[in-house]
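Enquirer: Pasting a structure below so you can have a look.
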Amino acid sequence: MQEPTFLILTALAAGPQHGYGVITDVQEISGGRVRLRAGTLYAAFDRLESEGLVAADREEIVDGRVRRYYRLTEEGSTRLATEAERLRRHAEAASARLRVRLAGGAFLLRLTGGEA
Amino acid sequence: MSALEDRYRRLLVFYPREHRARHGEEMVGVMLARTEAGRRHPDPGDVLDVVRGGLQIRLRHAFGPGSATYWRDALNIAAIVAPLYFLVTELGVWGMALWVSGALPVSYTLLPLSLALPQFLTIGLALRGMRWSAAACAWIWVVVNTVMSVRFRMDPSVSPGQSATSLPLDFPFVSLATAFDVLPAVIVALLLTLAPRPAEGATLIGRGKLLRWVVTAVLTLNVVGALEYFLTPEVMPDGMAVTALLCMACGAASRTPTGRRVLALLLPPLAVIYQGVPLGGPYDSDWFPLGVRVLVAAVIFVVARQGFRPYGSGTVSYPEPLA
(Lines give C-alpha, C1' and ligand atoms only; values in the text may rest on other atoms or scores of the structure.)
Protein backbone atom coordinates (compact mmCIF):
# COMPACT_ATOMS: atom_id res chain seq x y z
CA MET A 1 0.00 0.00 0.00
CA GLN A 2 1.39 3.38 -0.99
CA GLU A 3 1.92 6.03 1.66
CA PRO A 4 -0.83 8.46 0.50
CA THR A 5 -3.35 5.60 0.46
CA PHE A 6 -2.29 4.54 3.95
CA LEU A 7 -2.60 8.07 5.23
CA ILE A 8 -6.03 8.61 3.63
CA LEU A 9 -7.36 5.42 5.20
CA THR A 10 -5.80 6.46 8.51
CA ALA A 11 -7.50 9.86 8.28
CA LEU A 12 -10.86 8.17 7.71
CA ALA A 13 -10.32 5.67 10.54
CA ALA A 14 -11.32 8.31 13.08
CA GLY A 15 -14.65 8.94 11.36
CA PRO A 16 -16.22 10.18 8.11
CA GLN A 17 -14.54 13.22 6.59
CA HIS A 18 -14.96 15.38 3.50
CA GLY A 19 -12.22 15.88 0.91
CA TYR A 20 -10.61 18.98 2.35
CA GLY A 21 -10.86 17.49 5.85
CA VAL A 22 -8.87 14.46 4.68
CA ILE A 23 -6.21 16.72 3.15
CA THR A 24 -5.70 18.68 6.37
CA ASP A 25 -5.81 15.52 8.49
CA VAL A 26 -3.23 13.75 6.33
CA GLN A 27 -0.98 16.79 6.60
CA GLU A 28 -1.33 16.68 10.37
CA ILE A 29 -0.76 12.91 10.65
CA SER A 30 2.38 13.11 8.51
CA GLY A 31 3.74 16.08 10.44
CA GLY A 32 3.32 18.37 7.43
CA ARG A 33 5.43 16.12 5.18
CA VAL A 34 2.57 14.87 2.94
CA ARG A 35 0.39 17.57 1.39
CA LEU A 36 -2.24 15.94 -0.80
CA ARG A 37 -3.71 17.80 -3.74
CA ALA A 38 -7.21 17.43 -5.13
CA GLY A 39 -6.17 15.34 -8.15
CA THR A 40 -4.27 12.80 -6.08
CA LEU A 41 -7.00 12.65 -3.43
CA TYR A 42 -9.89 12.05 -5.82
CA ALA A 43 -7.93 9.55 -7.94
CA ALA A 44 -7.31 7.68 -4.67
CA PHE A 45 -10.98 7.96 -3.64
CA ASP A 46 -12.04 6.61 -7.04
CA ARG A 47 -9.73 3.60 -6.68
CA LEU A 48 -10.51 2.98 -3.02
CA GLU A 49 -14.26 3.18 -3.67
CA SER A 50 -13.99 0.65 -6.50
CA GLU A 51 -11.97 -1.65 -4.22
CA GLY A 52 -14.63 -1.30 -1.52
CA LEU A 53 -12.27 0.20 1.06
CA VAL A 54 -14.00 3.59 1.19
CA ALA A 55 -17.63 4.58 0.66
CA ALA A 56 -19.56 7.83 0.41
CA ASP A 57 -21.23 8.52 3.74
CA ARG A 58 -23.40 11.61 3.41
CA GLU A 59 -23.62 14.95 1.65
CA GLU A 60 -23.94 18.48 2.91
CA ILE A 61 -24.43 21.76 1.10
CA VAL A 62 -21.96 24.36 2.39
CA ASP A 63 -21.87 27.81 0.77
CA GLY A 64 -23.94 26.44 -2.10
CA ARG A 65 -21.45 23.69 -2.82
CA VAL A 66 -21.80 19.95 -2.32
CA ARG A 67 -19.58 18.55 0.39
CA ARG A 68 -19.48 14.75 0.37
CA TYR A 69 -18.25 12.80 3.36
CA TYR A 70 -16.37 9.54 2.99
CA ARG A 71 -16.06 6.73 5.51
CA LEU A 72 -13.90 3.68 5.95
CA THR A 73 -15.72 0.41 5.18
CA GLU A 74 -15.26 -2.79 7.17
CA GLU A 75 -12.97 -4.08 4.44
CA GLY A 76 -11.04 -0.82 4.48
CA SER A 77 -10.68 -1.07 8.23
CA THR A 78 -9.32 -4.62 7.94
CA ARG A 79 -6.87 -3.65 5.21
CA LEU A 80 -5.66 -0.66 7.23
CA ALA A 81 -5.20 -2.80 10.35
CA THR A 82 -3.25 -5.40 8.35
CA GLU A 83 -1.05 -2.73 6.80
CA ALA A 84 -0.50 -1.01 10.16
CA GLU A 85 0.50 -4.34 11.71
CA ARG A 86 2.90 -5.05 8.84
CA LEU A 87 4.50 -1.62 9.20
CA ARG A 88 4.69 -2.06 13.00
CA ARG A 89 6.56 -5.37 12.61
CA HIS A 90 8.95 -3.80 10.12
CA ALA A 91 9.50 -0.81 12.40
CA GLU A 92 10.15 -3.11 15.37
CA ALA A 93 12.62 -5.19 13.37
CA ALA A 94 14.40 -2.04 12.23
CA SER A 95 14.50 -0.65 15.81
CA ALA A 96 15.81 -3.94 17.23
CA ARG A 97 18.62 -4.11 14.68
CA LEU A 98 19.50 -0.50 15.21
CA ARG A 99 19.70 -1.12 18.96
CA VAL A 100 22.11 -4.02 18.35
CA ARG A 101 24.12 -1.91 15.97
CA LEU A 102 24.28 0.97 18.42
CA ALA A 103 25.17 -1.39 21.29
CA GLY A 104 27.93 -2.92 19.12
CA GLY A 105 29.19 0.54 18.31
CA ALA A 106 29.34 1.49 21.98
CA PHE A 107 31.16 -1.75 22.80
CA LEU A 108 33.73 -1.08 20.07
CA LEU A 109 34.08 2.45 21.33
CA ARG A 110 34.89 1.16 24.81
CA LEU A 111 37.35 -1.41 23.43
CA THR A 112 39.32 1.16 21.48
CA GLY A 113 39.31 3.74 24.23
CA GLY A 114 37.08 6.21 22.40
CA GLU A 115 38.95 6.23 19.07
CA ALA A 116 36.65 4.01 17.03
CA MET B 1 -18.26 32.31 -10.34
CA SER B 2 -14.76 33.76 -9.98
CA ALA B 3 -12.19 33.55 -12.76
CA LEU B 4 -10.11 31.19 -10.63
CA GLU B 5 -13.06 28.88 -10.04
CA ASP B 6 -13.81 28.92 -13.75
CA ARG B 7 -10.20 27.96 -14.53
CA TYR B 8 -10.26 25.13 -11.99
CA ARG B 9 -13.55 23.93 -13.43
CA ARG B 10 -12.07 23.81 -16.94
CA LEU B 11 -9.35 21.46 -15.70
CA LEU B 12 -12.02 18.87 -14.94
CA VAL B 13 -12.31 18.16 -18.66
CA PHE B 14 -9.53 15.62 -18.09
CA TYR B 15 -11.89 13.51 -15.97
CA PRO B 16 -14.51 11.06 -17.23
CA ARG B 17 -17.98 12.57 -17.53
CA GLU B 18 -19.42 10.37 -14.78
CA HIS B 19 -16.63 11.40 -12.43
CA ARG B 20 -17.15 15.09 -13.22
CA ALA B 21 -20.86 14.78 -12.55
CA ARG B 22 -20.29 13.06 -9.20
CA HIS B 23 -17.17 14.74 -7.86
CA GLY B 24 -16.69 17.91 -9.94
CA GLU B 25 -18.21 20.34 -7.45
CA GLU B 26 -16.36 18.74 -4.54
CA MET B 27 -13.05 18.91 -6.36
CA VAL B 28 -13.50 22.56 -7.26
CA GLY B 29 -14.39 23.25 -3.63
CA VAL B 30 -11.26 21.46 -2.39
CA MET B 31 -9.01 23.25 -4.89
CA LEU B 32 -10.45 26.64 -3.91
CA ALA B 33 -10.09 25.83 -0.21
CA ARG B 34 -6.40 25.02 -0.71
CA THR B 35 -5.75 28.23 -2.62
CA GLU B 36 -4.29 31.24 -0.87
CA ALA B 37 -6.29 34.49 -1.04
CA GLY B 38 -5.69 36.79 -3.97
CA ARG B 39 -4.61 34.12 -6.44
CA ARG B 40 -6.09 34.54 -9.92
CA HIS B 41 -4.58 31.56 -11.71
CA PRO B 42 -4.39 27.95 -10.57
CA ASP B 43 -1.19 26.81 -8.93
CA PRO B 44 0.90 24.96 -11.58
CA GLY B 45 1.37 22.08 -9.14
CA ASP B 46 -2.41 21.80 -8.76
CA VAL B 47 -2.85 21.85 -12.52
CA LEU B 48 -0.37 19.01 -13.03
CA ASP B 49 -1.88 17.05 -10.17
CA VAL B 50 -5.44 17.44 -11.45
CA VAL B 51 -4.44 16.46 -14.99
CA ARG B 52 -2.49 13.46 -13.74
CA GLY B 53 -5.37 12.39 -11.49
CA GLY B 54 -7.81 12.61 -14.40
CA LEU B 55 -5.60 10.55 -16.67
CA GLN B 56 -5.06 7.97 -13.92
CA ILE B 57 -8.82 7.60 -13.47
CA ARG B 58 -9.41 7.37 -17.21
CA LEU B 59 -6.71 4.72 -17.60
CA ARG B 60 -7.97 2.73 -14.64
CA HIS B 61 -11.55 2.86 -15.93
CA ALA B 62 -10.37 1.86 -19.41
CA PHE B 63 -8.07 -1.00 -18.44
CA GLY B 64 -8.64 -1.69 -14.74
CA PRO B 65 -10.21 -4.83 -13.28
CA GLY B 66 -13.73 -3.40 -13.61
CA SER B 67 -13.38 -2.96 -17.38
CA ALA B 68 -13.14 -6.67 -18.26
CA THR B 69 -16.87 -6.97 -18.96
CA TYR B 70 -16.81 -3.92 -21.21
CA TRP B 71 -13.86 -5.31 -23.19
CA ARG B 72 -15.53 -8.71 -23.59
CA ASP B 73 -18.72 -7.07 -24.88
CA ALA B 74 -16.65 -4.82 -27.15
CA LEU B 75 -14.82 -7.82 -28.61
CA ASN B 76 -18.12 -9.60 -29.26
CA ILE B 77 -19.53 -6.52 -30.98
CA ALA B 78 -16.35 -5.92 -33.01
CA ALA B 79 -16.42 -9.54 -34.20
CA ILE B 80 -19.86 -8.92 -35.73
CA VAL B 81 -19.44 -5.31 -36.84
CA ALA B 82 -16.10 -5.81 -38.64
CA PRO B 83 -17.30 -8.46 -41.15
CA LEU B 84 -20.52 -6.51 -41.66
CA TYR B 85 -18.55 -3.33 -42.36
CA PHE B 86 -16.35 -4.99 -44.96
CA LEU B 87 -19.39 -6.63 -46.54
CA VAL B 88 -21.24 -3.31 -46.67
CA THR B 89 -18.34 -1.45 -48.28
CA GLU B 90 -17.98 -4.17 -50.92
CA LEU B 91 -21.71 -4.45 -51.64
CA GLY B 92 -21.89 -0.68 -51.78
CA VAL B 93 -19.60 -0.72 -54.81
CA TRP B 94 -20.64 -3.96 -56.44
CA GLY B 95 -24.34 -3.21 -56.46
CA MET B 96 -23.70 -0.14 -58.54
CA ALA B 97 -21.19 -2.01 -60.70
CA LEU B 98 -23.95 -4.48 -61.62
CA TRP B 99 -26.05 -1.59 -62.77
CA VAL B 100 -23.53 0.45 -64.74
CA SER B 101 -21.47 -2.37 -66.26
CA GLY B 102 -23.80 -2.50 -69.28
CA ALA B 103 -22.11 -4.31 -72.13
CA LEU B 104 -19.13 -5.51 -70.10
CA PRO B 105 -18.75 -9.27 -69.58
CA VAL B 106 -20.90 -10.54 -66.79
CA SER B 107 -17.84 -11.86 -64.95
CA TYR B 108 -16.83 -8.28 -64.23
CA THR B 109 -19.70 -7.93 -61.83
CA LEU B 110 -20.99 -11.38 -60.93
CA LEU B 111 -17.65 -12.83 -59.89
CA PRO B 112 -16.89 -10.11 -57.33
CA LEU B 113 -20.46 -10.37 -56.08
CA SER B 114 -20.14 -14.13 -55.67
CA LEU B 115 -17.05 -13.52 -53.55
CA ALA B 116 -19.34 -11.96 -50.96
CA LEU B 117 -21.05 -15.30 -50.36
CA PRO B 118 -18.34 -16.66 -48.00
CA GLN B 119 -18.68 -13.45 -45.99
CA PHE B 120 -22.44 -13.90 -45.79
CA LEU B 121 -21.84 -17.48 -44.61
CA THR B 122 -19.32 -16.37 -41.97
CA ILE B 123 -21.64 -13.68 -40.60
CA GLY B 124 -24.62 -16.05 -40.66
CA LEU B 125 -22.74 -18.69 -38.67
CA ALA B 126 -21.56 -16.09 -36.16
CA LEU B 127 -25.09 -14.73 -35.73
CA ARG B 128 -26.43 -18.22 -35.12
CA GLY B 129 -23.94 -18.70 -32.30
CA MET B 130 -21.70 -21.15 -34.22
CA ARG B 131 -18.58 -19.27 -33.26
CA TRP B 132 -15.92 -21.85 -34.17
CA SER B 133 -17.56 -22.67 -37.50
CA ALA B 134 -17.64 -18.94 -38.29
CA ALA B 135 -13.98 -18.57 -37.32
CA ALA B 136 -13.00 -21.62 -39.40
CA CYS B 137 -14.93 -20.21 -42.35
CA ALA B 138 -13.18 -16.86 -41.90
CA TRP B 139 -9.71 -18.47 -41.85
CA ILE B 140 -10.49 -20.57 -44.93
CA TRP B 141 -11.54 -17.33 -46.60
CA VAL B 142 -8.18 -15.79 -45.62
CA VAL B 143 -6.34 -18.65 -47.34
CA VAL B 144 -8.53 -18.49 -50.45
CA ASN B 145 -8.20 -14.72 -50.53
CA THR B 146 -4.41 -14.94 -50.26
CA VAL B 147 -4.16 -17.47 -53.10
CA MET B 148 -6.46 -15.40 -55.31
CA SER B 149 -4.65 -12.18 -54.49
CA VAL B 150 -1.20 -13.61 -55.23
CA ARG B 151 -2.49 -15.09 -58.48
CA PHE B 152 -4.12 -11.85 -59.57
CA ARG B 153 -1.11 -9.77 -58.56
CA MET B 154 1.34 -12.05 -60.36
CA ASP B 155 -0.87 -12.28 -63.44
CA PRO B 156 -3.27 -9.31 -63.57
CA SER B 157 -4.88 -10.61 -66.78
CA VAL B 158 -6.82 -13.25 -64.79
CA SER B 159 -8.43 -10.59 -62.61
CA PRO B 160 -11.68 -9.08 -63.86
CA GLY B 161 -11.26 -5.42 -64.52
CA GLN B 162 -7.44 -5.40 -64.47
CA SER B 163 -5.38 -4.66 -67.52
CA ALA B 164 -2.51 -7.04 -68.14
CA THR B 165 0.10 -4.31 -67.99
CA SER B 166 -1.22 -2.31 -65.10
CA LEU B 167 0.91 -3.62 -62.27
CA PRO B 168 4.59 -4.19 -61.62
CA LEU B 169 5.34 -7.78 -60.66
CA ASP B 170 8.34 -7.57 -58.38
CA PHE B 171 8.18 -9.67 -55.23
CA PRO B 172 8.08 -6.90 -52.55
CA PHE B 173 5.21 -5.21 -54.34
CA VAL B 174 3.22 -8.44 -54.68
CA SER B 175 3.82 -9.29 -51.00
CA LEU B 176 2.75 -5.87 -49.77
CA ALA B 177 -0.24 -5.67 -52.10
CA THR B 178 -1.36 -9.15 -51.06
CA ALA B 179 -1.00 -8.25 -47.39
CA PHE B 180 -3.30 -5.26 -47.89
CA ASP B 181 -5.72 -7.38 -49.95
CA VAL B 182 -6.14 -10.00 -47.23
CA LEU B 183 -5.90 -7.68 -44.21
CA PRO B 184 -9.69 -7.23 -43.82
CA ALA B 185 -10.20 -11.00 -43.97
CA VAL B 186 -7.43 -11.54 -41.39
CA ILE B 187 -8.97 -8.95 -39.05
CA VAL B 188 -12.37 -10.64 -39.30
CA ALA B 189 -10.86 -14.10 -38.71
CA LEU B 190 -8.85 -12.89 -35.71
CA LEU B 191 -11.84 -11.17 -34.12
CA LEU B 192 -14.08 -14.20 -34.62
CA THR B 193 -11.39 -16.42 -33.09
CA LEU B 194 -10.82 -14.21 -30.05
CA ALA B 195 -14.40 -13.11 -29.32
CA PRO B 196 -16.06 -15.44 -26.79
CA ARG B 197 -19.62 -14.97 -28.11
CA PRO B 198 -19.95 -12.90 -31.29
CA ALA B 199 -23.71 -13.56 -31.42
CA GLU B 200 -24.06 -11.67 -28.13
CA GLY B 201 -22.44 -8.68 -29.83
CA ALA B 202 -25.31 -8.52 -32.31
CA THR B 203 -27.83 -8.86 -29.48
CA LEU B 204 -26.16 -6.03 -27.55
CA ILE B 205 -26.52 -3.66 -30.50
CA GLY B 206 -29.94 -5.03 -31.40
CA ARG B 207 -30.33 -7.32 -34.40
CA GLY B 208 -33.07 -5.18 -35.91
CA LYS B 209 -30.98 -2.04 -35.54
CA LEU B 210 -27.99 -3.79 -37.08
CA LEU B 211 -30.05 -4.93 -40.07
CA ARG B 212 -31.44 -1.42 -40.59
CA TRP B 213 -27.92 0.06 -40.48
CA VAL B 214 -26.63 -2.50 -43.00
CA VAL B 215 -29.50 -2.01 -45.45
CA THR B 216 -29.37 1.78 -45.15
CA ALA B 217 -25.60 1.84 -45.60
CA VAL B 218 -25.63 -0.43 -48.68
CA LEU B 219 -28.44 1.58 -50.29
CA THR B 220 -26.77 4.91 -49.46
CA LEU B 221 -23.42 3.83 -50.85
CA ASN B 222 -25.00 2.57 -54.06
CA VAL B 223 -27.14 5.67 -54.57
CA VAL B 224 -24.21 8.01 -53.88
CA GLY B 225 -21.95 5.90 -56.12
CA ALA B 226 -24.50 6.00 -58.94
CA LEU B 227 -24.94 9.75 -58.57
CA GLU B 228 -21.19 10.30 -58.60
CA TYR B 229 -20.88 8.12 -61.70
CA PHE B 230 -23.61 9.91 -63.65
CA LEU B 231 -22.80 13.45 -62.54
CA THR B 232 -19.01 13.28 -62.84
CA PRO B 233 -18.11 10.07 -64.72
CA GLU B 234 -14.55 11.29 -65.37
CA VAL B 235 -13.78 11.70 -61.66
CA MET B 236 -13.00 8.73 -59.44
CA PRO B 237 -15.36 8.42 -56.43
CA ASP B 238 -13.62 9.85 -53.39
CA GLY B 239 -15.20 7.57 -50.80
CA MET B 240 -16.76 10.40 -48.81
CA ALA B 241 -20.00 8.43 -48.41
CA VAL B 242 -18.14 5.60 -46.65
CA THR B 243 -16.39 8.14 -44.47
CA ALA B 244 -19.69 9.81 -43.58
CA LEU B 245 -21.30 6.51 -42.61
CA LEU B 246 -18.19 5.53 -40.66
CA CYS B 247 -18.19 8.84 -38.75
CA MET B 248 -21.88 8.45 -37.99
CA ALA B 249 -21.34 4.95 -36.62
CA CYS B 250 -18.28 6.11 -34.63
CA GLY B 251 -20.24 9.02 -33.17
CA ALA B 252 -23.08 6.76 -32.08
CA ALA B 253 -20.64 4.18 -30.68
CA SER B 254 -18.68 6.78 -28.73
CA ARG B 255 -21.67 7.44 -26.45
CA THR B 256 -21.11 4.33 -24.35
CA PRO B 257 -18.07 2.77 -22.64
CA THR B 258 -18.51 -0.45 -24.62
CA GLY B 259 -18.88 1.46 -27.87
CA ARG B 260 -15.67 3.40 -27.22
CA ARG B 261 -13.84 0.11 -26.68
CA VAL B 262 -15.25 -1.22 -29.96
CA LEU B 263 -13.76 1.85 -31.66
CA ALA B 264 -10.43 1.25 -29.92
CA LEU B 265 -10.42 -2.29 -31.32
CA LEU B 266 -11.52 -1.48 -34.86
CA LEU B 267 -10.07 1.93 -35.72
CA PRO B 268 -6.35 0.96 -35.69
CA PRO B 269 -6.79 -1.85 -38.27
CA LEU B 270 -9.08 0.41 -40.32
CA ALA B 271 -6.39 3.11 -40.26
CA VAL B 272 -3.89 0.56 -41.60
CA ILE B 273 -6.31 -0.58 -44.30
CA TYR B 274 -6.87 2.98 -45.42
CA GLN B 275 -3.10 3.57 -45.26
CA GLY B 276 -3.34 6.70 -43.19
CA VAL B 277 -5.95 8.34 -45.44
CA PRO B 278 -9.07 7.58 -43.45
CA LEU B 279 -11.21 10.14 -45.20
CA GLY B 280 -11.04 8.34 -48.50
CA GLY B 281 -9.48 11.25 -50.33
CA PRO B 282 -6.86 10.90 -53.01
CA TYR B 283 -3.25 11.17 -51.88
CA ASP B 284 -2.49 14.16 -54.05
CA SER B 285 -5.40 16.29 -52.93
CA ASP B 286 -4.46 19.72 -51.65
CA TRP B 287 -5.29 21.02 -48.20
CA PHE B 288 -8.60 22.73 -48.98
CA PRO B 289 -10.70 19.73 -50.13
CA LEU B 290 -9.06 17.67 -47.43
CA GLY B 291 -9.95 20.34 -44.87
CA VAL B 292 -13.56 20.35 -46.05
CA ARG B 293 -13.67 16.55 -45.76
CA VAL B 294 -12.27 16.68 -42.24
CA LEU B 295 -14.80 19.36 -41.28
CA VAL B 296 -17.76 17.44 -42.72
CA ALA B 297 -16.57 14.23 -41.04
CA ALA B 298 -16.16 16.04 -37.70
CA VAL B 299 -19.65 17.58 -37.91
CA ILE B 300 -21.22 14.20 -38.71
CA PHE B 301 -19.34 12.60 -35.82
CA VAL B 302 -20.38 15.29 -33.33
CA VAL B 303 -24.03 15.24 -34.43
CA ALA B 304 -24.13 11.44 -34.16
CA ARG B 305 -22.41 11.59 -30.75
CA GLN B 306 -24.78 14.21 -29.39
CA GLY B 307 -27.82 12.32 -30.65
CA PHE B 308 -30.50 13.57 -32.94
CA ARG B 309 -32.99 14.40 -30.23
CA PRO B 310 -32.46 17.28 -27.85
CA TYR B 311 -34.00 15.39 -24.95
CA GLY B 312 -34.63 11.81 -23.98
CA SER B 313 -32.53 8.72 -24.42
CA GLY B 314 -29.79 8.22 -26.93
CA THR B 315 -27.83 11.39 -26.24
CA VAL B 316 -24.49 11.96 -24.59
CA SER B 317 -26.13 13.31 -21.47
CA TYR B 318 -28.43 10.32 -21.26
CA PRO B 319 -26.57 7.51 -23.01
CA GLU B 320 -28.84 4.61 -23.70
CA PRO B 321 -27.41 1.18 -23.01
CA LEU B 322 -26.30 -0.86 -25.98
CA ALA B 323 -28.63 -3.64 -24.88
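Labels for the C-alpha coordinates follow display order: chains A, B, ..., residues from 1 in each chain, ligands from 1.
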Please, which residues of chain A lie no more than 9 Å from chain B when the count uses only C-alpha atoms, and can they be set out as a PyMOL selection string?

Expert: chain A and resi 18-20+23+37-44+46-47+50+65-68

Enquirer: Please produce a file of those selected residues containing N, CA and C atoms, as a short mmCIF file (atom, residue, chain, number, x, y, z; two decimals), in the first residue's frame.

Expert:
```cif
data_model
loop_
_atom_site.label_atom_id
_atom_site.label_comp_id
_atom_site.auth_asym_id
_atom_site.auth_seq_id
_atom_site.Cartn_x
_atom_site.Cartn_y
_atom_site.Cartn_z
N HIS A 18 -14.86 14.91 4.88
CA HIS A 18 -14.96 15.38 3.50
C HIS A 18 -13.57 15.56 2.92
N GLY A 19 -13.50 15.84 1.62
CA GLY A 19 -12.22 15.88 0.91
C GLY A 19 -11.19 16.79 1.54
N TYR A 20 -11.58 18.04 1.80
CA TYR A 20 -10.61 18.98 2.35
C TYR A 20 -10.21 18.58 3.77
N ILE A 23 -7.49 16.08 3.52
CA ILE A 23 -6.21 16.72 3.15
C ILE A 23 -5.53 17.32 4.39
N ARG A 37 -2.98 16.87 -2.88
CA ARG A 37 -3.71 17.80 -3.74
C ARG A 37 -4.99 17.13 -4.20
N ALA A 38 -5.88 17.95 -4.78
CA ALA A 38 -7.21 17.43 -5.13
C ALA A 38 -7.13 16.27 -6.13
N GLY A 39 -6.25 16.38 -7.13
CA GLY A 39 -6.17 15.34 -8.15
C GLY A 39 -5.76 14.00 -7.56
N THR A 40 -4.74 14.03 -6.72
CA THR A 40 -4.27 12.80 -6.08
C THR A 40 -5.36 12.22 -5.17
N LEU A 41 -6.00 13.10 -4.40
CA LEU A 41 -7.00 12.65 -3.43
C LEU A 41 -8.18 11.97 -4.14
N TYR A 42 -8.69 12.61 -5.18
CA TYR A 42 -9.89 12.05 -5.82
C TYR A 42 -9.57 10.85 -6.71
N ALA A 43 -8.34 10.78 -7.23
CA ALA A 43 -7.93 9.55 -7.94
C ALA A 43 -7.87 8.40 -6.93
N ALA A 44 -7.38 8.71 -5.72
CA ALA A 44 -7.31 7.68 -4.67
C ALA A 44 -8.71 7.29 -4.22
N ASP A 46 -11.43 7.39 -5.95
CA ASP A 46 -12.04 6.61 -7.04
C ASP A 46 -11.58 5.15 -6.97
N ARG A 47 -10.28 4.96 -6.75
CA ARG A 47 -9.73 3.60 -6.68
C ARG A 47 -10.20 2.89 -5.42
N SER A 50 -13.78 1.82 -5.64
CA SER A 50 -13.99 0.65 -6.50
C SER A 50 -13.47 -0.62 -5.83
N ARG A 65 -22.27 24.70 -2.15
CA ARG A 65 -21.45 23.69 -2.82
C ARG A 65 -21.61 22.35 -2.11
N VAL A 66 -21.64 21.29 -2.92
CA VAL A 66 -21.80 19.95 -2.32
C VAL A 66 -20.53 19.57 -1.59
N ARG A 67 -20.72 19.06 -0.37
CA ARG A 67 -19.58 18.55 0.39
C ARG A 67 -19.92 17.10 0.75
N ARG A 68 -19.19 16.17 0.14
CA ARG A 68 -19.48 14.75 0.37
C ARG A 68 -18.51 14.19 1.41
#
```

Enquirer: I'd like the neighbourhood of range 72-79 of chain A as an MDAnalysis selection string, where a residue qualifies if any of its atoms comes within 9 Å (using only C-alpha atoms), though same-chain residues fewer than 4 positions away should be ignored.

Expert: chainID A and resid 9:10 12:16 48 51:56 83:84

Enquirer: Would you work out the distance separating CA of Leu109 in chain A from CA of His90 in chain A, expressed in Å to one decimal?

Expert: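 Between CA of Leu109 in chain A and CA of His90 in chain A the gap works out to 28.2 Å.
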